[in-house]
$ cat protein-v7.txt   # compact mmCIF, C-alpha atoms
# COMPACT_ATOMS: atom_id res chain seq x y z
CA MET A 1104 5.32 9.18 34.54
CA ALA A 1105 4.79 12.65 33.10
CA SER A 1106 8.13 12.54 31.26
CA TRP A 1107 7.24 9.11 29.79
CA ALA A 1108 3.87 10.41 28.59
CA GLY A 1109 5.57 13.45 27.06
CA ALA A 1110 8.04 11.24 25.24
CA VAL A 1111 5.21 9.13 23.82
CA LEU A 1112 3.33 12.22 22.65
CA SER A 1113 6.45 13.57 20.98
CA VAL A 1114 6.85 10.33 19.00
CA LEU A 1115 3.18 9.82 18.13
CA ASN A 1116 2.31 12.72 15.88
CA PRO A 1117 -1.11 12.68 14.12
CA LEU A 1118 0.11 10.64 11.14
CA ARG A 1119 1.87 8.02 13.25
CA THR A 1120 -1.13 7.74 15.55
CA LEU A 1121 -3.43 7.17 12.57
CA TRP A 1122 -1.27 4.49 10.96
CA LEU A 1123 -0.77 2.79 14.32
CA ALA A 1124 -4.53 2.76 14.90
CA LEU A 1125 -5.19 1.30 11.44
CA ALA A 1126 -2.55 -1.39 11.94
CA ALA A 1127 -4.01 -2.28 15.34
CA ALA A 1128 -7.54 -2.47 13.92
CA PHE A 1129 -6.54 -4.90 11.17
CA LEU A 1130 -4.43 -6.93 13.59
CA LEU A 1131 -7.47 -7.28 15.85
CA ALA A 1132 -9.65 -8.28 12.91
CA LEU A 1133 -7.09 -10.92 11.87
CA LEU A 1134 -6.79 -12.31 15.41
CA LEU A 1135 -10.57 -12.59 15.63
CA GLN A 1136 -10.60 -14.65 12.42
CA LEU A 1137 -7.91 -16.95 13.82
CA ALA A 1138 -9.82 -17.44 17.08
CA PRO A 1139 -12.17 -20.42 17.64
CA ALA A 1140 -15.40 -20.18 15.66
CA GLY A 1141 -17.48 -19.52 18.75
CA LEU A 1142 -15.58 -16.32 19.44
CA LEU A 1143 -16.03 -14.82 15.98
CA PRO A 1144 -18.26 -11.73 15.88
CA SER A 1145 -21.61 -12.66 14.33
CA CYS A 1146 -22.33 -9.10 13.21
CA ALA A 1147 -23.02 -9.21 9.46
CA LEU A 1148 -21.81 -5.66 8.97
CA PHE A 1149 -18.46 -6.42 10.60
CA GLN A 1150 -17.91 -9.41 8.32
CA ASP A 1151 -19.01 -7.35 5.32
CA LEU A 1152 -16.50 -4.60 6.09
CA ILE A 1153 -13.49 -6.91 6.35
CA ARG A 1154 -14.28 -9.06 3.29
CA TYR A 1155 -14.48 -8.16 -0.38
CA GLY A 1156 -14.68 -9.81 -3.77
CA LYS A 1157 -14.96 -13.58 -3.86
CA THR A 1158 -14.61 -13.91 -0.09
CA LYS A 1159 -18.10 -12.40 0.32
CA LEU A 1160 -19.68 -15.33 -1.54
CA PRO A 1161 -19.41 -18.25 0.93
CA GLY A 1162 -21.74 -18.60 3.88
CA PRO A 1163 -25.33 -17.47 4.44
CA ARG A 1164 -26.92 -14.93 2.14
CA ARG A 1165 -25.86 -11.42 3.06
CA PRO A 1166 -28.53 -9.17 4.59
CA ALA A 1167 -30.23 -6.69 2.27
CA VAL A 1168 -28.87 -3.80 4.32
CA CYS A 1169 -25.34 -4.94 3.38
CA ARG A 1170 -26.12 -5.56 -0.28
CA ALA A 1171 -27.59 -2.08 -0.56
CA PHE A 1172 -24.11 -0.59 -0.14
CA ASP A 1173 -22.33 -2.81 -2.67
CA VAL A 1174 -19.94 -1.21 -5.15
CA PRO A 1175 -18.42 -3.17 -8.10
CA LYS A 1176 -14.91 -4.38 -7.37
CA ARG A 1177 -13.85 -3.08 -10.78
CA TYR A 1178 -14.06 0.37 -9.19
CA PHE A 1179 -10.61 -0.41 -7.79
CA SER A 1180 -9.40 1.55 -10.80
CA HIS A 1181 -10.77 4.71 -9.17
CA PHE A 1182 -8.23 4.33 -6.37
CA TYR A 1183 -5.37 4.48 -8.82
CA ILE A 1184 -6.87 7.32 -10.83
CA VAL A 1185 -6.99 9.36 -7.62
CA SER A 1186 -3.47 8.27 -6.70
CA VAL A 1187 -1.96 9.09 -10.10
CA LEU A 1188 -3.55 12.53 -10.09
CA TRP A 1189 -3.06 13.44 -6.42
CA ASN A 1190 0.40 11.98 -5.92
CA GLY A 1191 1.50 13.29 -9.31
CA PHE A 1192 0.35 16.67 -8.05
CA LEU A 1193 2.40 16.26 -4.85
CA LEU A 1194 5.40 14.99 -6.81
CA TRP A 1195 5.30 18.11 -8.99
CA PHE A 1196 5.35 20.38 -5.94
CA LEU A 1197 8.16 18.35 -4.36
CA SER A 1198 10.28 18.44 -7.52
CA GLN A 1199 9.83 22.19 -7.81
CA SER A 1200 10.89 22.63 -4.20
CA LEU A 1201 13.85 20.23 -4.11
CA PHE A 1202 15.45 21.24 -7.38
CA LEU A 1203 14.33 24.82 -7.96
CA GLY A 1204 13.78 26.07 -4.41
CA ALA A 1205 10.11 26.92 -4.97
CA PRO A 1206 8.19 26.90 -1.67
CA PHE A 1207 5.18 24.70 -1.07
CA PRO A 1208 1.80 26.47 -1.25
CA ASN A 1209 0.74 27.82 2.13
CA TRP A 1210 -2.19 25.40 2.41
CA LEU A 1211 0.02 22.38 1.73
CA ARG A 1212 2.73 23.51 4.16
CA ALA A 1213 0.11 24.09 6.86
CA LEU A 1214 -1.46 20.69 6.22
CA LEU A 1215 1.89 18.90 6.42
CA ARG A 1216 2.77 20.62 9.69
CA THR A 1217 -0.59 19.63 11.13
CA LEU A 1218 0.08 16.02 10.17
CA GLY A 1219 3.53 16.10 11.78
CA ALA A 1220 5.99 17.02 9.02
CA THR A 1221 9.72 16.70 9.67
CA HIS A 1222 10.88 20.14 10.84
CA PHE A 1223 14.41 21.56 10.89
CA ARG A 1224 15.51 24.95 12.09
CA ALA A 1225 17.98 26.87 9.97
CA LEU A 1226 20.56 26.77 12.79
CA GLU A 1227 20.47 22.97 12.74
CA MET A 1228 21.65 23.01 9.11
CA GLU A 1229 25.01 24.70 9.72
CA SER A 1230 27.07 21.53 10.12
CA LYS A 1231 27.93 19.34 7.13
CA ALA A 1232 26.75 16.25 8.99
CA SER A 1233 23.29 17.76 9.46
CA GLN A 1234 23.13 18.82 5.83
CA MET A 1235 24.06 15.30 4.74
CA ILE A 1236 21.38 13.65 6.88
CA VAL A 1237 18.69 16.08 5.78
CA GLY A 1238 19.74 15.74 2.14
CA GLN A 1239 19.53 11.95 2.32
CA LEU A 1240 16.06 12.13 3.87
CA ALA A 1241 14.90 14.57 1.19
CA LEU A 1242 16.18 12.30 -1.57
CA SER A 1243 14.53 9.29 0.11
CA ALA A 1244 11.17 11.04 0.18
CA PHE A 1245 11.52 12.05 -3.48
CA LEU A 1246 12.35 8.48 -4.53
CA VAL A 1247 9.54 6.97 -2.46
CA LEU A 1248 6.94 9.41 -3.77
CA THR A 1249 8.14 8.71 -7.32
CA SER A 1250 7.88 4.97 -6.64
CA LEU A 1251 4.37 5.39 -5.25
CA TRP A 1252 3.30 7.30 -8.37
CA VAL A 1253 4.86 4.71 -10.70
CA HIS A 1254 3.22 1.92 -8.70
CA SER A 1255 -0.20 3.58 -8.99
CA LEU A 1256 0.27 4.18 -12.72
CA ARG A 1257 1.15 0.51 -13.27
CA ARG A 1258 -1.83 -0.66 -11.24
CA LEU A 1259 -4.10 1.65 -13.20
CA PHE A 1260 -2.76 0.15 -16.45
CA GLU A 1261 -3.39 -3.35 -15.07
CA CYS A 1262 -6.97 -2.47 -14.09
CA PHE A 1263 -7.72 -1.31 -17.63
CA TYR A 1264 -5.72 -3.78 -19.72
CA ILE A 1265 -4.74 -6.83 -17.62
CA SER A 1266 -7.26 -7.64 -14.90
CA VAL A 1267 -10.50 -9.43 -15.69
CA PHE A 1268 -13.13 -8.36 -13.17
CA SER A 1269 -16.16 -10.47 -12.38
CA ASN A 1270 -19.35 -9.22 -10.75
CA ALA A 1271 -17.65 -9.26 -7.34
CA VAL A 1272 -18.33 -6.33 -5.03
CA ILE A 1273 -16.87 -4.28 -2.21
CA HIS A 1274 -18.64 -2.29 0.50
CA ILE A 1275 -18.99 1.43 -0.12
CA VAL A 1276 -17.06 2.07 3.12
CA GLN A 1277 -14.15 0.07 1.69
CA TYR A 1278 -14.45 2.07 -1.52
CA CYS A 1279 -14.32 5.40 0.30
CA PHE A 1280 -11.42 4.20 2.44
CA GLY A 1281 -9.50 3.22 -0.69
CA LEU A 1282 -9.93 6.70 -2.14
CA VAL A 1283 -8.76 8.39 1.07
CA TYR A 1284 -5.92 5.92 1.54
CA TYR A 1285 -3.93 6.99 -1.51
CA VAL A 1286 -4.36 10.64 -0.62
CA LEU A 1287 -3.15 9.95 2.90
CA VAL A 1288 -0.17 7.79 1.91
CA GLY A 1289 1.09 10.50 -0.46
CA LEU A 1290 0.85 13.10 2.28
CA THR A 1291 2.68 10.71 4.59
CA VAL A 1292 5.62 10.52 2.20
CA LEU A 1293 5.64 14.28 1.66
CA SER A 1294 5.58 14.92 5.39
CA GLN A 1295 8.96 13.17 5.68
CA VAL A 1296 10.65 15.88 3.60
CA PRO A 1297 12.72 18.14 5.92
CA MET A 1298 11.16 21.62 6.15
CA ASP A 1299 12.18 24.86 7.78
CA ASP A 1300 9.86 27.78 8.45
CA LYS A 1301 9.56 28.72 4.78
CA SER A 1302 10.46 25.87 2.44
CA VAL A 1303 11.93 22.39 2.14
CA TYR A 1304 15.56 21.38 1.91
CA VAL A 1305 16.88 22.12 -1.60
CA LEU A 1306 18.83 19.36 -3.36
CA GLY A 1307 19.61 21.39 -6.44
CA LYS A 1308 22.58 19.95 -8.32
CA ASN A 1309 23.63 17.76 -5.37
CA LEU A 1310 21.22 14.92 -6.16
CA LEU A 1311 23.83 12.23 -6.82
CA ALA A 1312 25.93 13.41 -3.89
CA GLN A 1313 23.05 12.52 -1.53
CA ALA A 1314 22.59 8.98 -2.88
CA ARG A 1315 23.49 6.12 -0.53
CA TRP A 1316 23.49 2.35 -0.75
CA PHE A 1317 20.01 2.05 0.78
CA HIS A 1318 18.59 4.27 -1.97
CA VAL A 1319 19.96 1.92 -4.62
CA LEU A 1320 18.89 -1.22 -2.73
CA GLY A 1321 15.41 0.13 -2.08
CA MET A 1322 14.82 1.05 -5.72
CA LEU A 1323 16.08 -2.33 -6.93
CA MET A 1324 13.76 -4.09 -4.47
CA PHE A 1325 10.88 -1.92 -5.67
CA LEU A 1326 11.46 -2.90 -9.31
CA TRP A 1327 11.85 -6.56 -8.36
CA SER A 1328 8.65 -6.61 -6.27
CA SER A 1329 6.70 -4.67 -8.91
CA ALA A 1330 7.77 -7.12 -11.62
CA HIS A 1331 6.55 -10.05 -9.51
CA GLN A 1332 3.23 -8.36 -8.77
CA TYR A 1333 2.70 -7.62 -12.46
CA GLU A 1334 3.45 -11.27 -13.30
CA CYS A 1335 1.01 -12.44 -10.62
CA HIS A 1336 -1.76 -10.25 -12.02
CA VAL A 1337 -1.06 -11.58 -15.53
CA ILE A 1338 -1.33 -15.14 -14.19
CA LEU A 1339 -4.69 -14.37 -12.55
CA SER A 1340 -5.93 -12.68 -15.72
CA ASN A 1341 -4.91 -15.61 -17.93
CA LEU A 1342 -7.07 -17.95 -15.83
CA ARG A 1343 -10.07 -16.26 -17.46
CA ARG A 1344 -8.70 -16.02 -21.00
CA ASN A 1345 -8.06 -18.53 -23.77
CA LYS A 1346 -4.75 -18.94 -25.54
CA LYS A 1347 -5.61 -16.05 -27.85
CA GLY A 1348 -6.12 -13.71 -24.91
CA VAL A 1349 -9.90 -13.57 -25.26
CA ILE A 1350 -11.94 -13.51 -22.04
CA VAL A 1351 -14.01 -16.70 -21.93
CA HIS A 1352 -15.36 -16.76 -18.36
CA CYS A 1353 -15.18 -15.02 -14.98
CA GLN A 1354 -14.95 -18.11 -12.78
CA HIS A 1355 -12.22 -18.77 -10.25
CA ARG A 1356 -9.41 -21.23 -10.95
CA ILE A 1357 -6.28 -22.31 -9.10
CA PRO A 1358 -3.35 -20.06 -10.06
CA PHE A 1359 0.08 -21.59 -10.69
CA GLY A 1360 3.47 -20.05 -11.36
CA ASP A 1361 5.74 -17.41 -9.83
CA TRP A 1362 5.05 -16.82 -6.12
CA PHE A 1363 1.71 -18.65 -6.38
CA GLU A 1364 3.73 -21.83 -5.99
CA TYR A 1365 4.30 -20.80 -2.36
CA VAL A 1366 1.30 -18.70 -1.28
CA SER A 1367 -2.33 -18.26 -2.26
CA SER A 1368 -2.11 -14.47 -2.45
CA ALA A 1369 1.17 -13.86 -4.21
CA ASN A 1370 0.02 -10.45 -5.42
CA TYR A 1371 -0.61 -9.39 -1.80
CA LEU A 1372 2.85 -10.59 -0.81
CA ALA A 1373 4.31 -8.51 -3.64
CA GLU A 1374 2.34 -5.50 -2.38
CA LEU A 1375 3.93 -5.91 1.03
CA MET A 1376 7.38 -6.19 -0.52
CA ILE A 1377 6.78 -2.99 -2.50
CA TYR A 1378 6.07 -1.07 0.70
CA PHE A 1379 8.99 -2.77 2.41
CA SER A 1380 11.26 -1.61 -0.42
CA MET A 1381 10.15 1.94 0.31
CA ALA A 1382 11.12 1.48 3.96
CA VAL A 1383 14.56 0.45 2.72
CA THR A 1384 14.71 3.56 0.53
CA PHE A 1385 14.03 5.61 3.67
CA GLY A 1386 17.15 4.06 5.18
CA PHE A 1387 15.41 1.50 7.44
CA HIS A 1388 14.93 3.98 10.28
CA ASN A 1389 11.82 5.97 9.35
CA LEU A 1390 9.30 5.17 12.10
CA THR A 1391 6.35 6.71 10.28
CA TRP A 1392 6.87 4.57 7.21
CA TRP A 1393 7.39 1.41 9.27
CA LEU A 1394 3.92 2.04 10.73
CA VAL A 1395 2.60 2.24 7.15
CA VAL A 1396 4.33 -1.07 6.38
CA THR A 1397 2.82 -2.58 9.53
CA TYR A 1398 -0.65 -1.53 8.43
CA VAL A 1399 -0.06 -2.97 4.94
CA PHE A 1400 1.18 -6.22 6.47
CA PHE A 1401 -1.91 -6.81 8.62
CA SER A 1402 -4.43 -5.61 6.03
CA GLN A 1403 -2.93 -7.81 3.31
CA ALA A 1404 -2.58 -10.73 5.72
CA LEU A 1405 -6.29 -10.50 6.56
CA SER A 1406 -7.30 -10.51 2.89
CA ALA A 1407 -4.85 -13.34 2.16
CA PHE A 1408 -6.33 -15.39 5.01
CA PHE A 1409 -9.81 -15.11 3.46
CA ASN A 1410 -8.46 -15.92 -0.01
CA HIS A 1411 -6.66 -19.00 1.26
CA LYS A 1412 -9.78 -20.16 3.06
CA PHE A 1413 -11.84 -19.66 -0.10
CA TYR A 1414 -9.44 -21.65 -2.29
CA LYS A 1415 -9.21 -24.53 0.19
CA SER A 1416 -12.98 -24.77 0.56
CA THR A 1417 -13.66 -24.47 -3.18
CA PHE A 1418 -11.01 -26.76 -4.68
CA VAL A 1419 -10.50 -30.25 -3.26
CA SER A 1420 -7.21 -30.58 -5.17
CA TYR A 1421 -5.79 -27.29 -3.88
CA PRO A 1422 -2.01 -27.67 -3.18
CA LYS A 1423 -1.60 -28.51 0.49
CA HIS A 1424 1.89 -27.06 0.76
CA ARG A 1425 0.77 -23.52 -0.06
CA LYS A 1426 0.47 -20.98 2.69
CA ALA A 1427 -1.85 -18.00 2.72
CA PHE A 1428 0.55 -15.05 2.70
CA LEU A 1429 4.08 -15.76 3.89
CA PRO A 1430 5.97 -18.68 2.30
CA PHE A 1431 6.41 -21.61 4.70
CA LEU A 1432 5.01 -19.58 7.64
CA PHE A 1433 1.44 -18.31 7.30

$ encode --input "protein-v7.txt" --output "structure tokens"
Amino acid sequence: MASWAGAVLSVLNPLRTLWLALAAAFLLALLLQLAPAGLLPSCALFQDLIRYGKTKLPGPRRPAVCRAFDVPKRYFSHFYIVSVLWNGFLLWFLSQSLFLGAPFPNWLRALLRTLGATHFRALEMESKASQMIVGQLALSAFLVLTSLWVHSLRRLFECFYISVFSNAVIHIVQYCFGLVYYVLVGLTVLSQVPMDDKSVYVLGKNLLAQARWFHVLGMLMFLWSSAHQYECHVILSNLRRNKKGVIVHCQHRIPFGDWFEYVSSANYLAELMIYFSMAVTFGFHNLTWWLVVTYVFFSQALSAFFNHKFYKSTFVSYPKHRKAFLPFLF
């Protein structure tokens, strides 16, 4: 029993424990929504914390204590501002370390170790096989962090120039969580970079030598998923614009085209595929990132469930063949 507990503790470092807890919390919230109506928690605050935007509108008027903590949904752009700045900051440090051999600042190295950074002793790097594995992991982390920064930059562009926000709101707790989330996810990627006692593994001029098929496949999947998400956001934006691109209203309409032909929340499905592509870039076997993907899956599935319910209750002619989140399944 003691050896089993020790094995569990060795696998569940602080970061993995956190992502596992978040995934479990959203899974529980989703299961509660799928349960019979009589079993749903009646707490207004609970419902307010798991819903945002248009899904807050149906049902009885929200209590004043909930409305007091409303934040405009258009503040989503703040998440991506933080992500572009913070993860760009981390990407700069990582690039300096991988290609020039510059060590991480002491505070960052200490923070990563506390969170459970991948650690290698110098003696473990003597064999070519070990060097190859560590080099591949370092390249994976660099590509994933670059992808995360590009993703955040694109979403920031969409918030400013594509999306048409209504007067919809989110809870201030959701807002604060969104700010912390992009800081945490960047640190999660950086913690996967192999480190010894002083610095990280140096790629130097061996960048292309470390590339493997899963790096190429993961990056191609990332571009493919990102293109679909961009198209989905353009479709949603055009529902509120005329043919000249001028915003004419902020009402909700039924979206058609691209992945919306299969699911109500095609942009959420694309978000999941973006994170899945990063798991591929990590070589399929990074447990920490799979826990991140699991969290993304359940959080997006919960939001998609509410979106689907909203569309079905609002539009009598809503396509019956569409699912909420996963084509043909859910």

$ residues_around --input "protein-v7.txt" --residues "region 1137-1140 of chain A" --least-positions-apart "4" --cutoff "12 Å" --atoms "all atoms listed in the file" --output "PDB file with C-alpha atoms, in the coordinates of the input"
ATOM      1  CA  LEU A1130      -4.430  -6.930  13.590  1.00  0.00           C
ATOM      2  CA  LEU A1131      -7.470  -7.280  15.850  1.00  0.00           C
ATOM      3  CA  ALA A1132      -9.650  -8.280  12.910  1.00  0.00           C
ATOM      4  CA  LEU A1133      -7.090 -10.920  11.870  1.00  0.00           C
ATOM      5  CA  PRO A1144     -18.260 -11.730  15.880  1.00  0.00           C
ATOM      6  CA  SER A1145     -21.610 -12.660  14.330  1.00  0.00           C
ATOM      7  CA  ALA A1404      -2.580 -10.730   5.720  1.00  0.00           C
ATOM      8  CA  LEU A1405      -6.290 -10.500   6.560  1.00  0.00           C
ATOM      9  CA  PHE A1408      -6.330 -15.390   5.010  1.00  0.00           C
ATOM     10  CA  PHE A1409      -9.810 -15.110   3.460  1.00  0.00           C
ATOM     11  CA  LYS A1412      -9.780 -20.160   3.060  1.00  0.00           C
ATOM     12  CA  PHE A1433       1.440 -18.310   7.300  1.00  0.00           C
TER      13      PHE A1433
END

$ closest_residue --input "protein-v7.txt" --among "A:Phe1149, A:Trp1122, A:Phe1192, A:Tyr1264" --to "Leu1218 (chain A)" --atoms "all atoms listed in the file"
A:Trp1122

$ closest_atom_pairs --input "protein-v7.txt" --of "region 1181-1273 of chain A" --to "region 1332-1335 of chain A" --cutoff "9 Å" --atoms "only C-alpha atoms" --output "Markdown table"
| residue | atom | partner | partner_atom | distance |
| --- | --- | --- | --- | --- |
| A:Arg1257 | CA | A:Tyr1333 | CA | 8.3 |
| A:Arg1258 | CA | A:Tyr1333 | CA | 8.4 |
| A:Glu1261 | CA | A:Tyr1333 | CA | 7.9 |

$ atom_distance --input "protein-v7.txt" --atom1 "CA of Phe1260 (chain A)" --atom2 "CA of Phe1182 (chain A)"
12.2 Å

$ closest_residue --input "protein-v7.txt" --among "A:Val1114, A:Met1235, A:Ala1147, A:Ala1220" --to "Leu1311 (chain A)" --atoms "all atoms listed in the file"
A:Met1235

$ residues_around --input "protein-v7.txt" --residues "Leu1121 (chain A)" --least-positions-apart "6" --cutoff "10 Å" --atoms "only C-alpha atoms" --output "MDAnalysis selection string"
chainID A and resid 1115 1127 1218 1394:1395

$ closest_residue --input "protein-v7.txt" --among "A:Thr1158, A:Gln1313, A:Asn1190, A:Ser1328" --to "Ala1373 (chain A)" --atoms "all atoms listed in the file"
A:Ser1328

$ closest_residue --input "protein-v7.txt" --among "A:Gln1239, A:Ser1180, A:Ser1294, A:Thr1217" --to "Thr1384 (chain A)" --atoms "all atoms listed in the file"
A:Gln1239

$ atom_distance --input "protein-v7.txt" --atom1 "CA of Gly1238 (chain A)" --atom2 "CA of Glu1374 (chain A)"
27.8 Å

$ residues_near_point --input "protein-v7.txt" --point "(-11.5, -19.6, -4.8)" --cutoff "9 Å" --atoms "all atoms listed in the file" --output "tab-separated table (two decimals) with C-alpha atoms, in the coordinates of the input"
chain	number	residue	atom	x	y	z
A	1157	LYS	CA	-14.96	-13.58	-3.86
A	1158	THR	CA	-14.61	-13.91	-0.09
A	1354	GLN	CA	-14.95	-18.11	-12.78
A	1355	HIS	CA	-12.22	-18.77	-10.25
A	1356	ARG	CA	-9.41	-21.23	-10.95
A	1357	ILE	CA	-6.28	-22.31	-9.10
A	1410	ASN	CA	-8.46	-15.92	-0.01
A	1411	HIS	CA	-6.66	-19.00	1.26
A	1412	LYS	CA	-9.78	-20.16	3.06
A	1413	PHE	CA	-11.84	-19.66	-0.10
A	1414	TYR	CA	-9.44	-21.65	-2.29
A	1415	LYS	CA	-9.21	-24.53	0.19
A	1416	SER	CA	-12.98	-24.77	0.56
A	1417	THR	CA	-13.66	-24.47	-3.18
A	1418	PHE	CA	-11.01	-26.76	-4.68

$ residues_around --input "protein-v7.txt" --residues "Val1383 (chain A)" --least-positions-apart "4" --cutoff "8 Å" --atoms "all atoms listed in the file" --output "ChimeraX atom specification"
/A:1317-1318,1320-1321,1379,1387

$ write_last_selection --input "protein-v7.txt" --atoms "C-alpha atoms" --output "PDB file, in the coordinates of the input"
ATOM      1  CA  PHE A1317      20.010   2.050   0.780  1.00  0.00           C
ATOM      2  CA  HIS A1318      18.590   4.270  -1.970  1.00  0.00           C
ATOM      3  CA  LEU A1320      18.890  -1.220  -2.730  1.00  0.00           C
ATOM      4  CA  GLY A1321      15.410   0.130  -2.080  1.00  0.00           C
ATOM      5  CA  PHE A1379       8.990  -2.770   2.410  1.00  0.00           C
ATOM      6  CA  PHE A1387      15.410   1.500   7.440  1.00  0.00           C
TER       7      PHE A1387
END

$ closest_residue --input "protein-v7.txt" --among "A:Ser1243, A:Ser1250, A:Ser1340, A:Asn1116" --to "Ser1266 (chain A)" --atoms "all atoms listed in the file"
A:Ser1340

$ closest_residue --input "protein-v7.txt" --among "A:Ile1153, A:Val1288, A:Leu1197, A:Leu1203" --to "Phe1129 (chain A)" --atoms "all atoms listed in the file"
A:Ile1153

$ atom_distance --input "protein-v7.txt" --atom1 "CA of Gly1289 (chain A)" --atom2 "CA of Phe1179 (chain A)"
17.6 Å

$ residues_around --input "protein-v7.txt" --residues "region 1425-1432 of chain A" --least-positions-apart "4" --cutoff "6 Å" --atoms "only C-alpha atoms" --output "list of chain:residue names"
A:Tyr1365, A:Val1366, A:Ser1367, A:Ser1368, A:Ala1407, A:Phe1408, A:His1411

$ residues_around --input "protein-v7.txt" --residues "Tyr1183 (chain A)" --least-positions-apart "6" --cutoff "9 Å" --atoms "only C-alpha atoms" --output "PDB file with C-alpha atoms, in the frame of the given file"
ATOM      1  CA  HIS A1254       3.220   1.920  -8.700  1.00  0.00           C
ATOM      2  CA  SER A1255      -0.200   3.580  -8.990  1.00  0.00           C
ATOM      3  CA  LEU A1256       0.270   4.180 -12.720  1.00  0.00           C
ATOM      4  CA  ARG A1257       1.150   0.510 -13.270  1.00  0.00           C
ATOM      5  CA  ARG A1258      -1.830  -0.660 -11.240  1.00  0.00           C
ATOM      6  CA  LEU A1259      -4.100   1.650 -13.200  1.00  0.00           C
ATOM      7  CA  CYS A1262      -6.970  -2.470 -14.090  1.00  0.00           C
ATOM      8  CA  LEU A1282      -9.930   6.700  -2.140  1.00  0.00           C
ATOM      9  CA  TYR A1285      -3.930   6.990  -1.510  1.00  0.00           C
TER      10      TYR A1285
END
